Each structure stands twice: as structure tokens, then as C-alpha cells.
Amino acid sequence: MKVLTTALVTAAIATSIAVPIAEARINTTRLSCAQAQDLVYSRGSIVLSTGRNTYDRFVADRSFCPIGDYTKPAYVRTRNHHACNIGYTCTVDSPWEKNRK
């Protein structure tokens with residue numbers, strides 16, 4: 001019984017320590033434009049903070065979006081650029097549908 005209790009306490013402590021680390025996001029305002037681009041293209045898909053309370057999921061290309069979604073160029077503020085094109089975001093809006101309206 002004591003071994004089970006020790007194991008449960010250890011697991012609870014490990015989980016409480018791991019959760020905040022897993023939730024930390026890289027902030028684009030602390031990266032150069034090239035570093036942010038490299039992150040997106042090397043991982044294919046990544047969630048990045050874009051400011052103090054904002055974040056988004058960025059992708060390297062449409063293959064990282066859900067089926068039926070399209071890509072839209074993503075511009076974010078980085079350490080050395082106000083509008084750095086770091087890749088794309090996924091959207092359900094077709095770029096061709098907007099031209100028909």
C-alpha cells in the first residue's frame with residue numbers, strides 16, 4: 001500500500017511540473033523573422049504566441065491543414081520585422097469564393 005501511495009504522489013508531482021512546461025509557447029516577438037520562419041518550416045505545424053495574450057497555429061503548407069481547409073499567408077510581428085511572413089494559417093474560406101461575391 002505504501003508503494004502505491006508513493007507512486008501516486010510521484011506521478012502527481014511529475015504531472016504538475018510537466019503541464020506548465022508543455023503549455024509554454026514560443027513568442028514571435030522575441031524571435032528574428034528568419035528564426036520564426038525556420039520554426040514553422042522545420043516543424044510543419046506549430047502554435048506560437050504572437051503577443052502577450054495572443055497565439056495562433058502556423059503551418060508550412062496546406063498538407064498540415066484539415067481536409068477541406070485552405071491556407072492564408074500569415075504575417076506576424078517579430079523582433080526585427082513588423083510584418084514577417086512566417087508561413088500560413090489554415091482557414092475554411094476559399095480564396096476563390098471571395099472573388100465571386
# chains A, B, ... in the order shown; residues from 1 in each chain; ligands from 1

call {"tool": "residues_around", "arguments": {"residues": "Gln37 of chain A", "least_positions_apart": "5", "cutoff": "9 Å", "atoms": "only C-alpha atoms", "output": "PyMOL selection string"}}
result
chain A and resi 32+42+60+84-87

call {"tool": "write_last_selection", "arguments": {"atoms": "N, CA and C atoms", "output": "PDB file, in the first residue's frame"}}
result
ATOM      1  N   SER A  32      13.822  36.505 -34.398  1.00  0.00           N
ATOM      2  CA  SER A  32      14.005  37.225 -35.658  1.00  0.00           C
ATOM      3  C   SER A  32      13.027  36.628 -36.668  1.00  0.00           C
ATOM      4  N   SER A  42      10.446  23.963 -40.266  1.00  0.00           N
ATOM      5  CA  SER A  42      11.105  22.747 -39.773  1.00  0.00           C
ATOM      6  C   SER A  42      10.117  21.811 -39.070  1.00  0.00           C
ATOM      7  N   ALA A  60       3.418  25.131 -42.515  1.00  0.00           N
ATOM      8  CA  ALA A  60       4.346  25.317 -43.623  1.00  0.00           C
ATOM      9  C   ALA A  60       3.634  25.259 -44.973  1.00  0.00           C
ATOM     10  N   CYS A  84       6.272  39.979 -40.629  1.00  0.00           N
ATOM     11  CA  CYS A  84       7.091  38.907 -41.190  1.00  0.00           C
ATOM     12  C   CYS A  84       6.183  37.773 -41.675  1.00  0.00           C
ATOM     13  N   ASN A  85       6.349  37.364 -42.916  1.00  0.00           N
ATOM     14  CA  ASN A  85       5.581  36.228 -43.450  1.00  0.00           C
ATOM     15  C   ASN A  85       6.255  34.945 -42.975  1.00  0.00           C
ATOM     16  N   ILE A  86       5.661  34.302 -41.956  1.00  0.00           N
ATOM     17  CA  ILE A  86       6.290  33.107 -41.386  1.00  0.00           C
ATOM     18  C   ILE A  86       5.713  31.808 -41.916  1.00  0.00           C
ATOM     19  N   GLY A  87       4.754  31.892 -42.808  1.00  0.00           N
ATOM     20  CA  GLY A  87       4.126  30.690 -43.347  1.00  0.00           C
ATOM     21  C   GLY A  87       2.655  30.965 -43.586  1.00  0.00           C
TER      22      GLY A  87
END

call {"tool": "closest_residue", "arguments": {"among": "A:Thr78, A:Asp69, A:Cys90, A:Glu97", "to": "Ala36 of chain A", "atoms": "only C-alpha atoms"}}
result
A:Thr78

call {"tool": "atom_distance", "arguments": {"atom1": "atom CA of Gly68 of chain A", "atom2": "atom CA of Trp96 of chain A"}}
result
13.5 Å

call {"tool": "closest_residue", "arguments": {"among": "A:Thr28, A:Arg79, A:Pro95, A:Ser45", "to": "Pro66 of chain A", "atoms": "only C-alpha atoms"}}
result
A:Ser45

call {"tool": "closest_residue", "arguments": {"among": "A:Ala74, A:Gly51, A:Val92, A:His81", "to": "Gln35 of chain A", "atoms": "only C-alpha atoms"}}
result
A:His81

call {"tool": "select_by_dssp", "arguments": {"residues": "segment 33-94 of chain A", "states": "alpha helix (DSSP H)", "output": "list of chain:residue names"}}
result
A:Cys33, A:Ala34, A:Gln35, A:Ala36, A:Gln37, A:Asp38, A:Leu39, A:Val40, A:Tyr41, A:Ser42, A:Arg43

call {"tool": "write_last_selection", "arguments": {"atoms": "C-alpha atoms", "output": "PDB file, in the first residue's frame"}}
result
ATOM      1  CA  CYS A  33      11.915  36.829 -38.786  1.00  0.00           C
ATOM      2  CA  ALA A  34      14.248  34.098 -40.068  1.00  0.00           C
ATOM      3  CA  GLN A  35      14.052  32.178 -36.766  1.00  0.00           C
ATOM      4  CA  ALA A  36      10.239  32.255 -36.807  1.00  0.00           C
ATOM      5  CA  GLN A  37      10.166  31.095 -40.444  1.00  0.00           C
ATOM      6  CA  ASP A  38      12.625  28.288 -39.681  1.00  0.00           C
ATOM      7  CA  LEU A  39      10.468  27.082 -36.775  1.00  0.00           C
ATOM      8  CA  VAL A  40       7.344  26.848 -38.915  1.00  0.00           C
ATOM      9  CA  TYR A  41       9.043  25.176 -41.853  1.00  0.00           C
ATOM     10  CA  SER A  42      11.105  22.747 -39.773  1.00  0.00           C
ATOM     11  CA  ARG A  43       8.123  21.541 -37.725  1.00  0.00           C
TER      12      ARG A  43
END

call {"tool": "atom_distance", "arguments": {"atom1": "atom CA of Arg25 of chain A", "atom2": "atom CA of Val47 of chain A"}}
result
7.0 Å

call {"tool": "closest_residue", "arguments": {"among": "A:Val76, A:Ile46, A:Ala24, A:Leu31", "to": "Phe64 of chain A", "atoms": "only C-alpha atoms"}}
result
A:Ile46
